[in-house]
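Undergrad: Encoded as structure tokens, here's the structure I'll be asking about.
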Amino acid sequence: MSDQATLSVTMLGAGQEVGRSCCVLQYRGRTIVCDTGVHPAYSGMASLPFIDDLDWSTVDCILVTHFHLDHAAALTYITEKTNFKDGKGKVYMTHPTKAVHKFMMQDFARMSSSTSDALFSPIDMEMSLLSIIPVSVHQLIQVCPGVSFTPYHAGHVLGACMYLIDIAGLKILYTGDYSREEDRHLVKAELPPIRPDVLIVESTYGVHSLEDRDTKESRFTNLVHSIIRRGGHVLLPVFALGRAQELLLILDEYWKKHPELHNVPIYYASSLAKKCMAVYQTYIHTMNSNIRTRFAKRDNPFVFKHISNVPATRGWEKKIAEGPPCVVLASPGFMQVGHSRELFELWAPDARNGLVITGYSIEGTLARDIMTEPEEFQGLKGNTIPRKISVDYISFSAHVDYAQNSEFIQAVKAQHVVLVHGEQNTMGRLRAAMQSKYKERDEDVKIHTPRNLETLNLSFRGERVAKAIGT
Amino acid sequence: MASSVFYKWASRKDDSRVTFDGTGITVFDLKREIILANNLVKGNDFDVHIYDPATKQEYKEDAHVIPRSSSIIAKRLPVFRPAKSKIPLYLGNAPGNIPTSDTVVRGTSTWHKGAMSKRFDGKDDQSPMKM
Ligand SMILES: [Zn+2]
Ligand SMILES: [Zn+2]
């Protein structure tokens, strides 16, 4: 039928998995790509989304939701190594995302250049950064005839946004990672004022419920305090940017209230984060009222009073590990390699020490495997290390939980809901729960869970579309 | 003199080549070389497929010989169960096993050794979050 138009949604990554987010929307000859991430559990080419079946020169625009590697780190490869630049495609992200993305990619390139898995050169990275057009939230951007979009706040991390996309009158909301709870520094995700036809939404936590913020924070600070009281070291594996800033705000405040802790150092082991503090300070106006008020009173919340940087000498991990009790925030969050891994191997055999996992851990990483509390694990040198360190999980990962996600999905009122960015089983449970909710109310809402490269075709009747053609 | 076959990842601008002795290379050996050259050795969620650029036909027969100086297109496409990936087959390992050659453990990839390999046995149905 000629008045029918089909939207096709193809996940090149994050289809029934968490990692390498990359979603292709095709409608009436237009092609939009949302997010270009890598899979953090893999390296090199294996970490890329399944990009081989798309002609990148036909892409009208790439919209990146936030600076996390699983949403942004494949961008350089795509703009520099594929034929993307043979076309007219543009790349967009918000101002703070672009500012942090630059540092994230420098760090990413440095980490992978030491291996055989480097996907691109530093020059490729510079070239890619030049092609990014920064945008502001709530700005309406016209990409090309028939395609426009507006970013909305998504919470989650600094600069994170959702995109409300309009392709020839068809409206699609792509959430990226989002949070509906205001935390210490960010605003929560907004409900866009327009009802879209299709909602593409993350499902990281599926039908799980997360604790409310106060419970979670006090459980966290009590745990940290008790590990120190028993004479142990506290290891918090984190990503340099994002939730680490939230944890620092919480710890800094707790230390302020507890003078007996003032001789216990909190180390923050990240040169990357140090570089990015300037970005955080620049974008204070995009944060929540709590932060803005403090800033207005000349109390810069990002100038921490009780956080120290680690000594800039080689082998500091060992020195700190052998020293008195302390708290260390160290990257990477999944502990595959690097500072967090080194400290973990040093501290694992001592029962006084404590590991606190504070973010969502992707399948296939040590941070995930260690949650089963194995009696031993294999060190990077191939040695077997006993695990006596306590292991706790308190999520500060700023994704919606079941209650928040289902409420948001219902409030958006899209006719089609596409679940992405969730593991197969987790996503399946969320779909079942949502379907029974809609069935109870006799509402016809379709919930989809496409796998990678399994194109979902959605047909829409002509009227909605016809009126918008030619705009 | 060494012979070559040129391959291009379907989404890439530039070509790469595989060199060998003789007048041709089998699909099996070519895939193996591509997997090794791109360090795709620990793949368990994809396969490498190769195609004739003119006819777009896939070379499905591992025994098929591709004459030297030919060009082919390569694609990395998902498989949905780790055990189904044929990557280990091309590396001389039983399907589902993790190769243990040196190439596997270099660089940042060491994390998956030893006890960590359990998860490759297939996805478990446990709650992933341990709350
Ligand atoms: Zn994220
Ligand atoms: Zn994510």
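Chain labels A, B, ... are given in the sequence in which chains occur in the structure tokens; within each chain residues are numbered consecutively from 1, and ligands are likewise numbered from 1 in the order shown.
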List all protein, DNA and RNA residues that have at least one atom no more than 9 Å from any atom of ligand 1, counting only C-alpha atoms and all ligand atoms, and write them as a VMD selection string.
TA: chain A and resid 65 to 71 156 to 157 160 176 to 178 242 397 to 399
Undergrad: Could those residues be written to a file, using C-alpha atoms, as a compact mmCIF listing (two decimals), in the first residue's frame?
TA:
# COMPACT_ATOMS: atom_id res chain seq x y z
CA THR A 65 23.50 10.19 23.99
CA HIS A 66 26.40 10.35 26.49
CA PHE A 67 30.12 9.93 26.94
CA HIS A 68 30.21 6.36 28.31
CA LEU A 69 32.36 4.08 26.16
CA ASP A 70 29.50 1.67 25.52
CA HIS A 71 27.66 4.54 23.78
CA HIS A 156 22.59 9.35 34.31
CA VAL A 157 25.87 11.29 33.81
CA ALA A 160 23.51 12.65 29.01
CA GLY A 176 19.97 6.08 25.89
CA ASP A 177 20.82 5.37 29.55
CA TYR A 178 18.56 7.38 31.82
CA GLY A 242 30.21 9.73 35.84
CA SER A 397 24.66 3.34 38.48
CA ALA A 398 21.87 5.84 37.71
CA HIS A 399 19.73 3.68 35.50
Undergrad: To test your reading of the structure, identify every residue in range 53-164 of chain A that backbone DSSP assigns to alpha helix (DSSP H), and report it as a PyMOL selection string.
TA: chain A and resi 69-72+75-81+95-113+122-130
Undergrad: Kindly indicate which residue among A:Leu346, A:Ile78, A:Val400, A:Val24 lies nearest to chain B, using only C-alpha atoms for the distances.
TA: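 The shortest atom-to-atom distance to chain B comes from A:Ile78.
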Undergrad: Excluding range 48-58 of chain A and its own-chain neighbours fewer than 2 positions away, which residues fall within 10 Å of it when counting only C-alpha atoms? Please give them as a PyMOL selection string.
TA: (chain A and resi 10-14+19-24+29-33+36-40+42-46+60-61+70+73-75+77-79+82-89+119+452-453) or (chain B and resi 9-12+46+73-78)
Undergrad: Put those residues in a file: C-alpha atoms, as an mmCIF file, in the first residue's frame.
TA:
data_model
loop_
_atom_site.group_PDB
_atom_site.id
_atom_site.type_symbol
_atom_site.label_atom_id
_atom_site.label_comp_id
_atom_site.auth_asym_id
_atom_site.auth_seq_id
_atom_site.Cartn_x
_atom_site.Cartn_y
_atom_site.Cartn_z
ATOM 1 C CA THR A 10 18.110 -2.411 13.464
ATOM 2 C CA MET A 11 20.311 -2.879 16.496
ATOM 3 C CA LEU A 12 23.974 -3.176 15.535
ATOM 4 C CA GLY A 13 24.696 -3.583 19.241
ATOM 5 C CA ALA A 14 22.803 -3.544 22.582
ATOM 6 C CA GLY A 19 27.282 -2.900 25.613
ATOM 7 C CA ARG A 20 28.164 -1.438 22.153
ATOM 8 C CA SER A 21 24.920 0.521 21.847
ATOM 9 C CA CYS A 22 24.188 1.273 18.212
ATOM 10 C CA CYS A 23 20.666 1.621 16.818
ATOM 11 C CA VAL A 24 19.843 2.310 13.179
ATOM 12 C CA GLY A 29 14.863 6.988 2.718
ATOM 13 C CA ARG A 30 16.431 8.570 5.786
ATOM 14 C CA THR A 31 18.936 6.860 8.067
ATOM 15 C CA ILE A 32 19.640 7.929 11.649
ATOM 16 C CA VAL A 33 22.090 6.166 13.953
ATOM 17 C CA THR A 36 28.128 4.249 18.534
ATOM 18 C CA GLY A 37 29.515 2.325 21.507
ATOM 19 C CA VAL A 38 32.000 -0.463 22.093
ATOM 20 C CA HIS A 39 31.459 -3.608 24.145
ATOM 21 C CA PRO A 40 33.537 -3.205 27.321
ATOM 22 C CA TYR A 42 35.808 -7.282 24.457
ATOM 23 C CA SER A 43 38.718 -5.503 22.837
ATOM 24 C CA GLY A 44 39.727 -4.486 19.329
ATOM 25 C CA MET A 45 37.441 -5.162 16.412
ATOM 26 C CA ALA A 46 35.429 -7.699 18.410
ATOM 27 C CA ASP A 60 22.102 11.299 7.645
ATOM 28 C CA CYS A 61 23.217 11.718 11.226
ATOM 29 C CA ASP A 70 29.503 1.674 25.516
ATOM 30 C CA ALA A 73 33.764 4.924 21.809
ATOM 31 C CA ALA A 74 33.156 3.396 18.361
ATOM 32 C CA LEU A 75 32.542 6.859 16.898
ATOM 33 C CA TYR A 77 36.273 4.085 13.996
ATOM 34 C CA ILE A 78 33.000 4.808 12.240
ATOM 35 C CA THR A 79 33.811 8.352 11.123
ATOM 36 C CA THR A 82 34.189 3.474 7.251
ATOM 37 C CA ASN A 83 32.832 5.415 4.272
ATOM 38 C CA PHE A 84 30.723 7.609 6.588
ATOM 39 C CA LYS A 85 32.494 10.779 5.422
ATOM 40 C CA ASP A 86 31.773 9.982 1.761
ATOM 41 C CA GLY A 87 28.198 10.923 2.587
ATOM 42 C CA LYS A 88 26.645 14.004 4.110
ATOM 43 C CA GLY A 89 26.218 12.567 7.586
ATOM 44 C CA LEU A 119 41.370 0.397 16.272
ATOM 45 C CA ASN A 452 21.421 -7.615 16.989
ATOM 46 C CA LEU A 453 20.885 -7.329 13.224
ATOM 47 C CA TRP B 9 35.664 -5.416 5.736
ATOM 48 C CA ALA B 10 32.299 -4.498 4.236
ATOM 49 C CA SER B 11 32.088 -1.278 6.235
ATOM 50 C CA ARG B 12 35.714 -0.177 5.802
ATOM 51 C CA PHE B 46 30.130 -13.685 15.972
ATOM 52 C CA ILE B 73 34.523 -8.788 1.129
ATOM 53 C CA ALA B 74 34.502 -9.809 4.811
ATOM 54 C CA LYS B 75 31.746 -9.311 7.378
ATOM 55 C CA ARG B 76 31.543 -9.894 11.096
ATOM 56 C CA LEU B 77 27.998 -11.066 11.873
ATOM 57 C CA PRO B 78 26.487 -12.120 15.213
#
Undergrad: Distance CA of Ser390 in chain A-CA of Val337 in chain A, one decimal place?
TA: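 CA of Val337 in chain A lies 20.1 Å from CA of Ser390 in chain A.
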Undergrad: Find the distance between CA of Met93 in chain A and CA of Val135 in chain A and write it in Å to one decimal.
TA: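 Computing the Euclidean distance for CA of Met93 in chain A and CA of Val135 in chain A yields 6.0 Å.
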Undergrad: Give me the residues near Val65 in chain B as a PyMOL selection string, where near means some atom within 6 Å (using only C-alpha atoms) and where sequence neighbours in that chain fewer than 6 positions away do not count.
TA: chain B and resi 24-26
Undergrad: Okay, now the selection with N, CA, C and O atoms, as an mmCIF file, in the first residue's frame?
TA:
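result.cif, written as the output of this step:
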data_model
loop_
_atom_site.group_PDB
_atom_site.id
_atom_site.type_symbol
_atom_site.label_atom_id
_atom_site.label_comp_id
_atom_site.auth_asym_id
_atom_site.auth_seq_id
_atom_site.Cartn_x
_atom_site.Cartn_y
_atom_site.Cartn_z
ATOM 1 N N GLY B 24 46.676 -20.238 -4.828
ATOM 2 C CA GLY B 24 45.375 -19.931 -4.250
ATOM 3 C C GLY B 24 45.356 -20.254 -2.773
ATOM 4 O O GLY B 24 46.295 -20.853 -2.239
ATOM 5 N N ILE B 25 44.275 -19.827 -2.099
ATOM 6 C CA ILE B 25 44.140 -20.102 -0.656
ATOM 7 C C ILE B 25 42.734 -20.627 -0.408
ATOM 8 O O ILE B 25 41.753 -20.150 -1.022
ATOM 9 N N THR B 26 42.605 -21.588 0.480
ATOM 10 C CA THR B 26 41.269 -22.115 0.761
ATOM 11 C C THR B 26 40.489 -21.097 1.603
ATOM 12 O O THR B 26 41.077 -20.273 2.312
#
Undergrad: Report as a list in words all protein, DNA and RNA residues lying within 9 Å of Ala2 in chain B, evaluated on only C-alpha atoms, omitting residues in the same chain fewer than 3 positions from it.
TA: Thr19, Phe20, Asp21 and Gly22 of chain B
Undergrad: Could those residues be written to a file, using all heavy atoms, as a PDB file, in the first residue's frame?
TA:
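That gives us again-v7.pdb:
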ATOM      1  N   THR B  19      48.793 -12.774   2.791  1.00  0.00           N
ATOM      2  CA  THR B  19      49.801 -13.339   1.875  1.00  0.00           C
ATOM      3  C   THR B  19      50.024 -14.815   2.170  1.00  0.00           C
ATOM      4  O   THR B  19      49.874 -15.259   3.309  1.00  0.00           O
ATOM      5  CB  THR B  19      51.145 -12.597   1.988  1.00  0.00           C
ATOM      6  OG1 THR B  19      51.529 -12.578   3.362  1.00  0.00           O
ATOM      7  CG2 THR B  19      51.048 -11.169   1.486  1.00  0.00           C
ATOM      8  N   PHE B  20      50.372 -15.546   1.142  1.00  0.00           N
ATOM      9  CA  PHE B  20      50.572 -16.993   1.268  1.00  0.00           C
ATOM     10  C   PHE B  20      51.415 -17.459   0.088  1.00  0.00           C
ATOM     11  O   PHE B  20      51.678 -16.706  -0.836  1.00  0.00           O
ATOM     12  CB  PHE B  20      49.211 -17.705   1.275  1.00  0.00           C
ATOM     13  CG  PHE B  20      48.336 -17.338   0.102  1.00  0.00           C
ATOM     14  CD1 PHE B  20      48.360 -18.085  -1.068  1.00  0.00           C
ATOM     15  CD2 PHE B  20      47.515 -16.215   0.166  1.00  0.00           C
ATOM     16  CE1 PHE B  20      47.554 -17.726  -2.154  1.00  0.00           C
ATOM     17  CE2 PHE B  20      46.722 -15.852  -0.922  1.00  0.00           C
ATOM     18  CZ  PHE B  20      46.740 -16.604  -2.079  1.00  0.00           C
ATOM     19  N   ASP B  21      51.842 -18.711   0.138  1.00  0.00           N
ATOM     20  CA  ASP B  21      52.570 -19.296  -0.980  1.00  0.00           C
ATOM     21  C   ASP B  21      51.606 -20.110  -1.815  1.00  0.00           C
ATOM     22  O   ASP B  21      50.698 -20.736  -1.272  1.00  0.00           O
ATOM     23  CB  ASP B  21      53.695 -20.199  -0.457  1.00  0.00           C
ATOM     24  CG  ASP B  21      54.771 -19.372   0.243  1.00  0.00           C
ATOM     25  OD1 ASP B  21      55.097 -18.288  -0.274  1.00  0.00           O
ATOM     26  OD2 ASP B  21      55.247 -19.799   1.323  1.00  0.00           O
ATOM     27  N   GLY B  22      51.795 -20.100  -3.122  1.00  0.00           N
ATOM     28  CA  GLY B  22      50.948 -20.922  -3.983  1.00  0.00           C
ATOM     29  C   GLY B  22      50.028 -20.085  -4.848  1.00  0.00           C
ATOM     30  O   GLY B  22      50.064 -18.858  -4.827  1.00  0.00           O
TER      31      GLY B  22
END
Undergrad: Please extract the residues of range 95-245 of chain A with a backbone DSSP assignment of strand (DSSP E) and present them as a CSV table (one decimal) with N, CA, C and O atoms, in the first residue's frame.
TA:
chain,number,residue,atom,x,y,z
A,132,ILE,N,32.3,16.6,15.2
A,132,ILE,CA,31.2,16.6,16.1
A,132,ILE,C,30.6,18.0,16.3
A,132,ILE,O,31.3,18.9,16.6
A,133,ILE,N,29.3,18.0,16.1
A,133,ILE,CA,28.6,19.3,16.2
A,133,ILE,C,27.9,19.3,17.6
A,133,ILE,O,27.1,18.4,17.9
A,134,PRO,N,28.4,20.2,18.5
A,134,PRO,CA,27.8,20.2,19.9
A,134,PRO,C,26.4,20.9,19.9
A,134,PRO,O,26.2,21.9,19.2
A,135,VAL,N,25.5,20.4,20.7
A,135,VAL,CA,24.1,20.9,20.8
A,135,VAL,C,23.8,21.1,22.2
A,135,VAL,O,24.4,20.6,23.1
A,141,ILE,N,17.0,20.9,16.3
A,141,ILE,CA,18.1,20.9,15.3
A,141,ILE,C,17.5,20.3,14.0
A,141,ILE,O,16.9,19.2,14.0
A,142,GLN,N,17.7,21.0,12.9
A,142,GLN,CA,17.2,20.5,11.6
A,142,GLN,C,18.5,19.9,11.0
A,142,GLN,O,19.5,20.6,10.8
A,143,VAL,N,18.4,18.6,10.7
A,143,VAL,CA,19.6,17.9,10.2
A,143,VAL,C,19.6,18.0,8.7
A,143,VAL,O,20.7,18.3,8.1
A,144,CYS,N,18.5,17.7,8.0
A,144,CYS,CA,18.4,17.8,6.6
A,144,CYS,C,16.9,17.8,6.3
A,144,CYS,O,16.1,17.6,7.3
A,147,VAL,N,14.3,15.7,8.5
A,147,VAL,CA,14.9,15.1,9.7
A,147,VAL,C,15.2,16.2,10.7
A,147,VAL,O,16.0,17.1,10.4
A,148,SER,N,14.6,16.1,11.9
A,148,SER,CA,15.0,17.1,13.0
A,148,SER,C,15.0,16.3,14.3
A,148,SER,O,14.5,15.2,14.4
A,149,PHE,N,15.6,16.9,15.3
A,149,PHE,CA,15.6,16.3,16.6
A,149,PHE,C,15.8,17.3,17.7
A,149,PHE,O,16.3,18.4,17.5
A,150,THR,N,15.4,16.9,19.0
A,150,THR,CA,15.6,17.7,20.1
A,150,THR,C,16.2,16.9,21.3
A,150,THR,O,15.6,15.8,21.6
A,151,PRO,N,17.3,17.3,21.9
A,151,PRO,CA,17.8,16.5,23.1
A,151,PRO,C,17.0,16.9,24.3
A,151,PRO,O,16.7,18.1,24.5
A,152,TYR,N,16.8,16.0,25.2
A,152,TYR,CA,16.2,16.2,26.5
A,152,TYR,C,17.1,15.6,27.6
A,152,TYR,O,17.8,14.6,27.3
A,153,HIS,N,17.1,16.2,28.8
A,153,HIS,CA,17.9,15.7,29.9
A,153,HIS,C,17.6,14.2,30.2
A,153,HIS,O,16.4,13.9,30.2
A,161,CYS,N,21.7,12.8,27.4
A,161,CYS,CA,20.4,13.2,26.9
A,161,CYS,C,19.7,12.1,26.2
A,161,CYS,O,20.3,11.1,25.9
A,162,MET,N,18.4,12.3,26.0
A,162,MET,CA,17.6,11.4,25.2
A,162,MET,C,17.4,12.2,23.9
A,162,MET,O,17.4,13.5,23.9
A,163,TYR,N,17.0,11.6,22.8
A,163,TYR,CA,16.8,12.3,21.6
A,163,TYR,C,15.3,12.0,21.2
A,163,TYR,O,14.9,10.9,21.1
A,164,LEU,N,14.6,13.1,21.0
A,164,LEU,CA,13.3,13.0,20.3
A,164,LEU,C,13.5,13.3,18.9
A,164,LEU,O,13.9,14.5,18.5
A,165,ILE,N,13.3,12.3,18.0
A,165,ILE,CA,13.7,12.4,16.6
A,165,ILE,C,12.4,12.5,15.8
A,165,ILE,O,11.5,11.7,16.0
A,166,ASP,N,12.4,13.4,14.8
A,166,ASP,CA,11.3,13.5,13.9
A,166,ASP,C,11.8,13.2,12.5
A,166,ASP,O,12.6,13.9,11.9
A,167,ILE,N,11.3,12.1,11.9
A,167,ILE,CA,11.7,11.7,10.5
A,167,ILE,C,10.4,11.8,9.7
A,167,ILE,O,9.5,11.0,9.9
A,170,LEU,N,7.2,11.2,11.6
A,170,LEU,CA,7.2,10.1,12.5
A,170,LEU,C,8.1,10.5,13.7
A,170,LEU,O,9.2,10.9,13.5
A,171,LYS,N,7.6,10.3,14.9
A,171,LYS,CA,8.4,10.7,16.1
A,171,LYS,C,8.9,9.5,16.9
A,171,LYS,O,8.1,8.6,17.2
A,172,ILE,N,10.2,9.5,17.2
A,172,ILE,CA,10.8,8.4,17.9
A,172,ILE,C,11.6,9.0,19.1
A,172,ILE,O,12.3,9.9,18.9
A,173,LEU,N,11.4,8.4,20.2
A,173,LEU,CA,12.2,8.8,21.4
A,173,LEU,C,13.2,7.7,21.7
A,173,LEU,O,12.8,6.6,21.9
A,174,TYR,N,14.4,8.1,21.7
A,174,TYR,CA,15.5,7.2,22.0
A,174,TYR,C,16.1,7.6,23.3
A,174,TYR,O,16.7,8.7,23.4
A,198,VAL,N,7.1,5.9,18.6
A,198,VAL,CA,8.0,4.8,19.0
A,198,VAL,C,8.9,5.2,20.1
A,198,VAL,O,9.4,6.3,20.1
A,199,LEU,N,9.0,4.4,21.1
A,199,LEU,CA,9.9,4.6,22.2
A,199,LEU,C,11.0,3.5,22.2
A,199,LEU,O,10.6,2.3,22.3
A,200,ILE,N,12.2,3.9,22.2
A,200,ILE,CA,13.3,3.0,22.2
A,200,ILE,C,14.0,3.2,23.6
A,200,ILE,O,14.5,4.3,23.8
A,201,VAL,N,13.9,2.3,24.5
A,201,VAL,CA,14.2,2.5,25.9
A,201,VAL,C,15.2,1.5,26.5
A,201,VAL,O,15.1,0.3,26.1
A,202,GLU,N,16.1,1.9,27.3
A,202,GLU,CA,17.0,1.0,28.0
A,202,GLU,C,16.3,0.1,28.9
A,202,GLU,O,15.2,0.4,29.5
A,234,VAL,N,39.4,0.0,51.7
A,234,VAL,CA,38.2,-0.1,50.9
A,234,VAL,C,38.5,0.2,49.5
A,234,VAL,O,39.1,1.2,49.1
A,235,LEU,N,38.2,-0.8,48.6
A,235,LEU,CA,38.4,-0.5,47.2
A,235,LEU,C,37.0,-0.3,46.5
A,235,LEU,O,36.1,-1.1,46.6
A,236,LEU,N,37.0,0.8,45.8
A,236,LEU,CA,35.8,1.1,45.0
A,236,LEU,C,36.2,1.2,43.5
A,236,LEU,O,36.7,2.2,43.1
A,237,PRO,N,36.0,0.1,42.7
A,237,PRO,CA,36.3,0.2,41.3
A,237,PRO,C,35.3,1.1,40.6
A,237,PRO,O,34.1,0.8,40.8
Undergrad: Interatomic distance between CA of Asn300 in chain A and CA of Leu249 in chain A?
TA: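 These atoms are spaced 11.1 Å apart.
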